[in-house]
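Raw coords-v8.cif, mmCIF, C-alpha atoms:
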data_coords
loop_
_atom_site.group_PDB
_atom_site.id
_atom_site.type_symbol
_atom_site.label_atom_id
_atom_site.label_comp_id
_atom_site.auth_asym_id
_atom_site.auth_seq_id
_atom_site.Cartn_x
_atom_site.Cartn_y
_atom_site.Cartn_z
ATOM 1 C CA MET A 1234 -44.847 52.629 -24.384
ATOM 2 C CA ILE A 1235 -41.491 54.195 -23.520
ATOM 3 C CA LYS A 1236 -42.225 57.159 -25.784
ATOM 4 C CA ALA A 1237 -45.587 57.541 -24.049
ATOM 5 C CA GLY A 1238 -43.894 57.624 -20.618
ATOM 6 C CA GLU A 1239 -45.563 54.397 -19.476
ATOM 7 C CA VAL A 1240 -42.392 52.558 -18.370
ATOM 8 C CA SER A 1241 -40.455 53.161 -15.171
ATOM 9 C CA VAL A 1242 -37.323 51.536 -13.754
ATOM 10 C CA ASN A 1243 -36.589 51.876 -10.036
ATOM 11 C CA GLY A 1244 -39.151 54.641 -9.693
ATOM 12 C CA GLU A 1245 -37.889 56.783 -12.582
ATOM 13 C CA THR A 1246 -39.752 57.122 -15.866
ATOM 14 C CA VAL A 1247 -37.713 55.812 -18.789
ATOM 15 C CA THR A 1248 -37.576 58.141 -21.789
ATOM 16 C CA GLU A 1249 -34.693 56.777 -23.874
ATOM 17 C CA LEU A 1250 -35.307 53.874 -26.231
ATOM 18 C CA GLY A 1251 -32.819 51.059 -25.691
ATOM 19 C CA THR A 1252 -32.456 51.710 -21.960
ATOM 20 C CA LYS A 1253 -31.207 48.540 -20.229
ATOM 21 C CA ALA A 1254 -32.686 46.996 -17.088
ATOM 22 C CA ASP A 1255 -32.085 43.743 -15.229
ATOM 23 C CA PRO A 1256 -35.402 41.983 -14.463
ATOM 24 C CA SER A 1257 -33.769 40.007 -11.664
ATOM 25 C CA LYS A 1258 -32.762 43.159 -9.790
ATOM 26 C CA ASP A 1259 -34.545 46.229 -11.151
ATOM 27 C CA HIS A 1260 -38.068 47.284 -10.242
ATOM 28 C CA ILE A 1261 -39.776 47.560 -13.664
ATOM 29 C CA LYS A 1262 -43.301 48.940 -14.090
ATOM 30 C CA VAL A 1263 -45.459 49.356 -17.178
ATOM 31 C CA ARG A 1264 -48.508 51.610 -16.764
ATOM 32 C CA GLY A 1265 -47.949 51.504 -13.022
ATOM 33 C CA LYS A 1266 -47.955 47.700 -12.785
ATOM 34 C CA LEU A 1267 -44.926 45.704 -11.672
ATOM 35 C CA ILE A 1268 -44.040 43.242 -14.455
ATOM 36 C CA ASN A 1269 -41.213 41.299 -12.788
ATOM 37 C CA LEU A 1270 -42.978 39.973 -9.717
ATOM 38 C CA LYS A 1271 -40.118 37.754 -8.535
ATOM 39 C CA ILE A 1272 -38.180 40.731 -7.180
ATOM 40 C CA GLU A 1273 -40.954 41.353 -4.643
ATOM 41 C CA ASN A 1274 -39.483 38.448 -2.656
ATOM 42 C CA GLN A 1275 -35.925 39.810 -2.583
ATOM 43 C CA GLN A 1276 -34.436 41.182 0.616
ATOM 44 C CA HIS A 1277 -34.730 44.932 0.606
ATOM 45 C CA VAL A 1278 -31.856 47.157 1.666
ATOM 46 C CA TYR A 1279 -32.010 50.831 2.706
ATOM 47 C CA ILE A 1280 -28.717 52.710 3.013
ATOM 48 C CA LEU A 1281 -28.104 56.309 4.100
ATOM 49 C CA LEU A 1282 -25.021 57.835 2.443
ATOM 50 C CA ASN A 1283 -23.336 61.155 3.178
ATOM 51 C CA LYS A 1284 -22.359 61.926 -0.415
ATOM 52 C CA PRO A 1285 -19.117 63.804 -1.038
ATOM 53 C CA LYS A 1286 -18.819 66.569 -3.605
ATOM 54 C CA GLY A 1287 -17.753 65.260 -7.016
ATOM 55 C CA VAL A 1288 -19.766 62.018 -6.912
ATOM 56 C CA LEU A 1289 -22.617 61.329 -9.331
ATOM 57 C CA SER A 1290 -26.072 60.325 -8.053
ATOM 58 C CA SER A 1291 -26.619 57.661 -10.705
ATOM 59 C CA VAL A 1292 -26.031 53.980 -11.412
ATOM 60 C CA SER A 1293 -23.969 54.575 -14.580
ATOM 61 C CA ASP A 1294 -21.936 57.294 -16.278
ATOM 62 C CA PRO A 1295 -20.439 57.274 -19.789
ATOM 63 C CA GLU A 1296 -17.679 59.583 -18.542
ATOM 64 C CA GLY A 1297 -16.571 57.092 -15.905
ATOM 65 C CA ARG A 1298 -17.041 59.394 -12.927
ATOM 66 C CA THR A 1299 -17.406 58.028 -9.396
ATOM 67 C CA LEU A 1300 -20.997 57.012 -8.607
ATOM 68 C CA VAL A 1301 -22.842 56.911 -5.286
ATOM 69 C CA THR A 1302 -23.218 53.166 -5.823
ATOM 70 C CA ASP A 1303 -19.421 52.842 -5.946
ATOM 71 C CA LEU A 1304 -19.298 53.958 -2.302
ATOM 72 C CA ILE A 1305 -21.565 51.150 -1.061
ATOM 73 C CA LYS A 1306 -20.014 47.686 -1.016
ATOM 74 C CA GLY A 1307 -21.292 44.205 -0.251
ATOM 75 C CA VAL A 1308 -25.067 44.748 -0.396
ATOM 76 C CA GLY A 1309 -25.878 44.027 -4.036
ATOM 77 C CA ARG A 1310 -27.216 46.349 -6.686
ATOM 78 C CA LEU A 1311 -28.768 49.578 -5.380
ATOM 79 C CA HIS A 1312 -30.110 52.786 -6.886
ATOM 80 C CA PRO A 1313 -30.383 56.303 -5.414
ATOM 81 C CA VAL A 1314 -33.712 57.678 -4.227
ATOM 82 C CA GLY A 1315 -33.832 61.040 -5.988
ATOM 83 C CA ARG A 1316 -30.649 62.942 -6.761
ATOM 84 C CA LEU A 1317 -28.078 65.336 -5.440
ATOM 85 C CA ASP A 1318 -26.196 67.089 -8.202
ATOM 86 C CA TYR A 1319 -22.519 66.401 -8.810
ATOM 87 C CA ASN A 1320 -21.171 69.306 -6.741
ATOM 88 C CA THR A 1321 -23.677 68.977 -3.887
ATOM 89 C CA GLU A 1322 -22.795 67.130 -0.687
ATOM 90 C CA GLY A 1323 -24.941 65.434 1.891
ATOM 91 C CA LEU A 1324 -27.567 62.827 2.598
ATOM 92 C CA ILE A 1325 -28.993 60.523 -0.033
ATOM 93 C CA ILE A 1326 -30.741 57.173 0.359
ATOM 94 C CA LEU A 1327 -29.894 54.121 -1.760
ATOM 95 C CA THR A 1328 -32.086 51.031 -1.989
ATOM 96 C CA ASN A 1329 -33.206 48.112 -4.124
ATOM 97 C CA ASP A 1330 -36.858 48.661 -3.165
ATOM 98 C CA GLY A 1331 -38.698 50.308 -6.051
ATOM 99 C CA ALA A 1332 -41.922 50.790 -4.081
ATOM 100 C CA PHE A 1333 -39.999 52.720 -1.416
ATOM 101 C CA THR A 1334 -38.348 54.824 -4.135
ATOM 102 C CA ASN A 1335 -41.712 55.640 -5.706
ATOM 103 C CA LYS A 1336 -43.294 56.630 -2.387
ATOM 104 C CA VAL A 1337 -40.445 58.791 -1.085
ATOM 105 C CA SER A 1338 -39.687 60.436 -4.436
ATOM 106 C CA ALA A 1339 -43.327 61.416 -4.940
ATOM 107 C CA SER A 1340 -43.875 62.667 -1.385
ATOM 108 C CA LYS A 1341 -44.602 66.358 -0.824
ATOM 109 C CA THR A 1342 -44.598 65.953 2.964
ATOM 110 C CA ILE A 1343 -40.992 64.868 3.647
ATOM 111 C CA PRO A 1344 -38.862 67.965 4.323
ATOM 112 C CA LYS A 1345 -35.315 68.064 3.008
ATOM 113 C CA VAL A 1346 -32.994 70.520 4.762
ATOM 114 C CA TYR A 1347 -29.922 72.090 3.152
ATOM 115 C CA GLN A 1348 -27.073 74.335 4.243
ATOM 116 C CA VAL A 1349 -26.411 76.952 1.571
ATOM 117 C CA LYS A 1350 -23.418 79.270 1.147
ATOM 118 C CA THR A 1351 -23.947 82.094 -1.344
ATOM 119 C CA LYS A 1352 -21.660 84.378 -3.286
ATOM 120 C CA GLY A 1353 -22.270 87.806 -1.825
ATOM 121 C CA LEU A 1354 -24.918 88.810 0.700
ATOM 122 C CA PRO A 1355 -28.551 88.689 -0.496
ATOM 123 C CA THR A 1356 -30.935 91.301 0.899
ATOM 124 C CA GLU A 1357 -33.733 90.384 3.288
ATOM 125 C CA VAL A 1358 -36.220 91.341 0.573
ATOM 126 C CA ALA A 1359 -34.620 88.881 -1.860
ATOM 127 C CA ILE A 1360 -34.688 86.066 0.706
ATOM 128 C CA ARG A 1361 -38.364 86.718 1.490
ATOM 129 C CA LYS A 1362 -39.051 86.533 -2.235
ATOM 130 C CA LEU A 1363 -37.437 83.087 -2.412
ATOM 131 C CA ALA A 1364 -39.361 81.939 0.647
ATOM 132 C CA ARG A 1365 -42.668 82.883 -0.987
ATOM 133 C CA GLY A 1366 -41.812 81.034 -4.208
ATOM 134 C CA VAL A 1367 -40.345 82.216 -7.509
ATOM 135 C CA ARG A 1368 -40.571 81.293 -11.171
ATOM 136 C CA LEU A 1369 -37.241 79.944 -12.392
ATOM 137 C CA GLU A 1370 -35.692 80.512 -15.800
ATOM 138 C CA ASP A 1371 -36.818 77.054 -16.931
ATOM 139 C CA GLY A 1372 -40.430 78.019 -16.160
ATOM 140 C CA PHE A 1373 -40.804 75.998 -12.942
ATOM 141 C CA LYS A 1374 -42.679 77.811 -10.144
ATOM 142 C CA THR A 1375 -41.245 76.918 -6.736
ATOM 143 C CA SER A 1376 -43.461 76.270 -3.750
ATOM 144 C CA PRO A 1377 -42.994 78.263 -0.546
ATOM 145 C CA ALA A 1378 -39.780 77.316 1.250
ATOM 146 C CA GLU A 1379 -38.488 77.778 4.776
ATOM 147 C CA ILE A 1380 -35.296 79.856 4.767
ATOM 148 C CA LYS A 1381 -33.422 80.615 7.977
ATOM 149 C CA GLU A 1382 -30.433 82.937 7.970
ATOM 150 C CA LEU A 1383 -27.297 81.532 9.573
ATOM 151 C CA LYS A 1384 -24.206 83.503 10.576
ATOM 152 C CA PRO A 1385 -22.789 85.154 7.421
ATOM 153 C CA THR A 1386 -19.213 86.131 6.670
ATOM 154 C CA ASP A 1387 -18.128 89.473 5.233
ATOM 155 C CA LYS A 1388 -18.497 88.152 1.684
ATOM 156 C CA ASN A 1389 -20.854 85.177 1.890
ATOM 157 C CA GLY A 1390 -24.352 84.499 3.098
ATOM 158 C CA TRP A 1391 -25.176 81.265 4.929
ATOM 159 C CA TYR A 1392 -28.710 79.861 5.055
ATOM 160 C CA GLU A 1393 -30.669 76.800 6.093
ATOM 161 C CA VAL A 1394 -33.255 76.018 3.421
ATOM 162 C CA THR A 1395 -36.085 73.510 3.819
ATOM 163 C CA LEU A 1396 -37.833 72.197 0.698
ATOM 164 C CA PHE A 1397 -40.741 69.818 0.231
ATOM 165 C CA GLU A 1398 -40.066 69.326 -3.488
ATOM 166 C CA GLY A 1399 -37.075 68.341 -5.583
ATOM 167 C CA HIS A 1400 -36.881 70.136 -8.929
ATOM 168 C CA ASN A 1401 -33.559 69.709 -10.757
ATOM 169 C CA GLN A 1402 -30.890 71.943 -9.138
ATOM 170 C CA GLN A 1403 -33.701 73.901 -7.504
ATOM 171 C CA ILE A 1404 -31.755 75.681 -4.760
ATOM 172 C CA ARG A 1405 -28.980 76.737 -7.123
ATOM 173 C CA LYS A 1406 -31.531 78.088 -9.594
ATOM 174 C CA MET A 1407 -33.466 79.865 -6.826
ATOM 175 C CA PHE A 1408 -30.426 81.809 -5.656
ATOM 176 C CA ASP A 1409 -29.318 82.450 -9.240
ATOM 177 C CA SER A 1410 -32.692 84.135 -9.758
ATOM 178 C CA ILE A 1411 -31.789 86.805 -7.158
ATOM 179 C CA GLY A 1412 -28.244 87.253 -8.463
ATOM 180 C CA HIS A 1413 -26.369 85.331 -5.776
ATOM 181 C CA SER A 1414 -24.966 82.012 -6.953
ATOM 182 C CA VAL A 1415 -24.515 79.080 -4.583
ATOM 183 C CA VAL A 1416 -20.878 78.280 -3.832
ATOM 184 C CA LYS A 1417 -21.528 75.434 -1.384
ATOM 185 C CA LEU A 1418 -24.569 73.221 -0.898
ATOM 186 C CA LYS A 1419 -25.103 70.348 1.521
ATOM 187 C CA ARG A 1420 -28.205 68.339 2.424
ATOM 188 C CA ILE A 1421 -28.137 67.743 6.160
ATOM 189 C CA LYS A 1422 -31.574 66.248 6.820
ATOM 190 C CA ILE A 1423 -34.231 64.062 5.157
ATOM 191 C CA GLY A 1424 -37.422 64.106 7.193
ATOM 192 C CA THR A 1425 -36.215 63.518 10.748
ATOM 193 C CA ILE A 1426 -33.038 61.721 9.600
ATOM 194 C CA THR A 1427 -29.883 63.798 10.105
ATOM 195 C CA ASP A 1428 -26.200 63.548 9.179
ATOM 196 C CA VAL A 1429 -25.124 63.563 12.844
ATOM 197 C CA GLY A 1430 -22.349 60.993 13.335
ATOM 198 C CA LEU A 1431 -22.121 60.164 9.631
ATOM 199 C CA GLY A 1432 -18.905 61.498 8.100
ATOM 200 C CA THR A 1433 -18.575 62.539 4.476
ATOM 201 C CA GLY A 1434 -18.357 59.453 2.254
ATOM 202 C CA LYS A 1435 -19.664 57.184 5.026
ATOM 203 C CA SER A 1436 -22.885 55.169 5.014
ATOM 204 C CA ARG A 1437 -25.110 53.122 7.290
ATOM 205 C CA LYS A 1438 -28.355 51.173 7.150
ATOM 206 C CA LEU A 1439 -31.587 52.973 7.945
ATOM 207 C CA THR A 1440 -33.411 51.679 11.011
ATOM 208 C CA ASP A 1441 -37.011 50.475 10.975
ATOM 209 C CA ALA A 1442 -37.924 53.571 12.999
ATOM 210 C CA GLU A 1443 -36.327 55.832 10.383
ATOM 211 C CA LEU A 1444 -38.187 54.068 7.576
ATOM 212 C CA LYS A 1445 -41.412 54.496 9.538
ATOM 213 C CA SER A 1446 -40.647 58.213 9.984
ATOM 214 C CA LEU A 1447 -40.610 58.475 6.162
ATOM 215 C CA GLY A 1448 -44.079 56.945 6.058
ATOM 216 C CA TYR A 1449 -42.851 53.537 4.922
ATOM 217 C CA LYS A 1450 -43.080 50.136 6.570
ATOM 218 C CA LYS A 1451 -41.063 47.191 5.346
ATOM 219 C CA ALA A 1452 -43.195 44.343 4.016
#

Can the structure from this file be put into structure tokens for me?
Amino acid sequence: MIKAGEVSVNGETVTELGTKADPSKDHIKVRGKLINLKIENQQHVYILLNKPKGVLSSVSDPEGRTLVTDLIKGVGRLHPVGRLDYNTEGLIILTNDGAFTNKVSASKTIPKVYQVKTKGLPTEVAIRKLARGVRLEDGFKTSPAEIKELKPTDKNGWYEVTLFEGHNQQIRKMFDSIGHSVVKLKRIKIGTITDVGLGTGKSRKLTDAELKSLGYKKA
């Protein structure tokens, strides 16, 4: 079943045989059906974290690097909703609610807004190309994106990029495709939820109104 992609843990499809999960805490589905029903009665937690650069968006790491879960104390076992890569800063949600993770991760209607600093100054033509959608080196075709130019420096472009999808390292690969690598990347907004008042490395609970704005209502 794992080889066939029929098993998921906390909203992510399991592909590696021998993967461990805790049935008392993890949200485990086989063929889309929850198999450990007792966790439906647990108290759900939803935390917004402003992730620093150099922190891994995972619940484990064989190299012993700092994890996003290491930055959240006293609320039990959580997992990240989606990912920000190791060198990317900004907003990420952590929870123990697998249904929430599934819904938000699969959504194509929740905008995610990033600040992007590039090496060199891309042309307007190149930026319009990215906004229309491009095929990346790995074969993935990006959907149209909203790209707003911010104030550049003499050597670096600055942009605000809004995506409605989350392909692995998508923004970095997009700008690589036009010959201008990303030197700084920060997610500043998820839906209507912003990083205002939340310092780097800090976290807080999401409000019911914020959960509702993501199209989710607590049971």

Listed atoms of stretch 1256-1263 of chain A boxed axis-aligned with 6 Å per side, centre + edges as JSON:
{"center_x": -39.1, "center_y": 44.7, "center_z": -13.5, "size_x": 24.7, "size_y": 21.3, "size_z": 19.4}

Selected residue, from A:Lys1286, A:Glu1249, A:Gly1323, A:Met1407, that lies nearest to A:Arg1361 when counting all atoms listed in the file:
A:Met1407

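Using all atoms listed in the file, the protein and nucleic acid residues lying no more than 10 Å from A:Glu1382, apart from those fewer than 5 places from it along its own chain, are A:Gln1348, A:Val1349, A:Glu1357, A:Ile1360, A:Gly1390, A:Trp1391, A:Tyr1392, A:Glu1393, A:Val1394.
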
Show me, as a ChimeraX atom specification, the residues that have an atom within 9 Å of A:Ile1426 when counting only C-alpha atoms, minus same-chain residues fewer than 6 positions from it.
/A:1324,1443,1446-1447

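Taking atom CA of A:Pro1385 and atom CA of A:Pro1355 as endpoints, the distance between them is 10.4 Å.
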
Scan for residues within 10 Å of the point (-36.7, 72.4, -4.9) in the coordinates of the file, using only C-alpha atoms, and reply as a short mmCIF file (atom, residue, chain, number, x, y, z; two decimals) with C-alpha atoms, in the frame of the given file.
data_model
loop_
_atom_site.label_atom_id
_atom_site.label_comp_id
_atom_site.auth_asym_id
_atom_site.auth_seq_id
_atom_site.Cartn_x
_atom_site.Cartn_y
_atom_site.Cartn_z
CA LYS A 1345 -35.32 68.06 3.01
CA PHE A 1373 -40.80 76.00 -12.94
CA LYS A 1374 -42.68 77.81 -10.14
CA THR A 1375 -41.24 76.92 -6.74
CA SER A 1376 -43.46 76.27 -3.75
CA PRO A 1377 -42.99 78.26 -0.55
CA ALA A 1378 -39.78 77.32 1.25
CA VAL A 1394 -33.26 76.02 3.42
CA THR A 1395 -36.08 73.51 3.82
CA LEU A 1396 -37.83 72.20 0.70
CA PHE A 1397 -40.74 69.82 0.23
CA GLU A 1398 -40.07 69.33 -3.49
CA GLY A 1399 -37.08 68.34 -5.58
CA HIS A 1400 -36.88 70.14 -8.93
CA ASN A 1401 -33.56 69.71 -10.76
CA GLN A 1402 -30.89 71.94 -9.14
CA GLN A 1403 -33.70 73.90 -7.50
CA ILE A 1404 -31.76 75.68 -4.76
CA ARG A 1405 -28.98 76.74 -7.12
CA LYS A 1406 -31.53 78.09 -9.59
CA MET A 1407 -33.47 79.86 -6.83
#
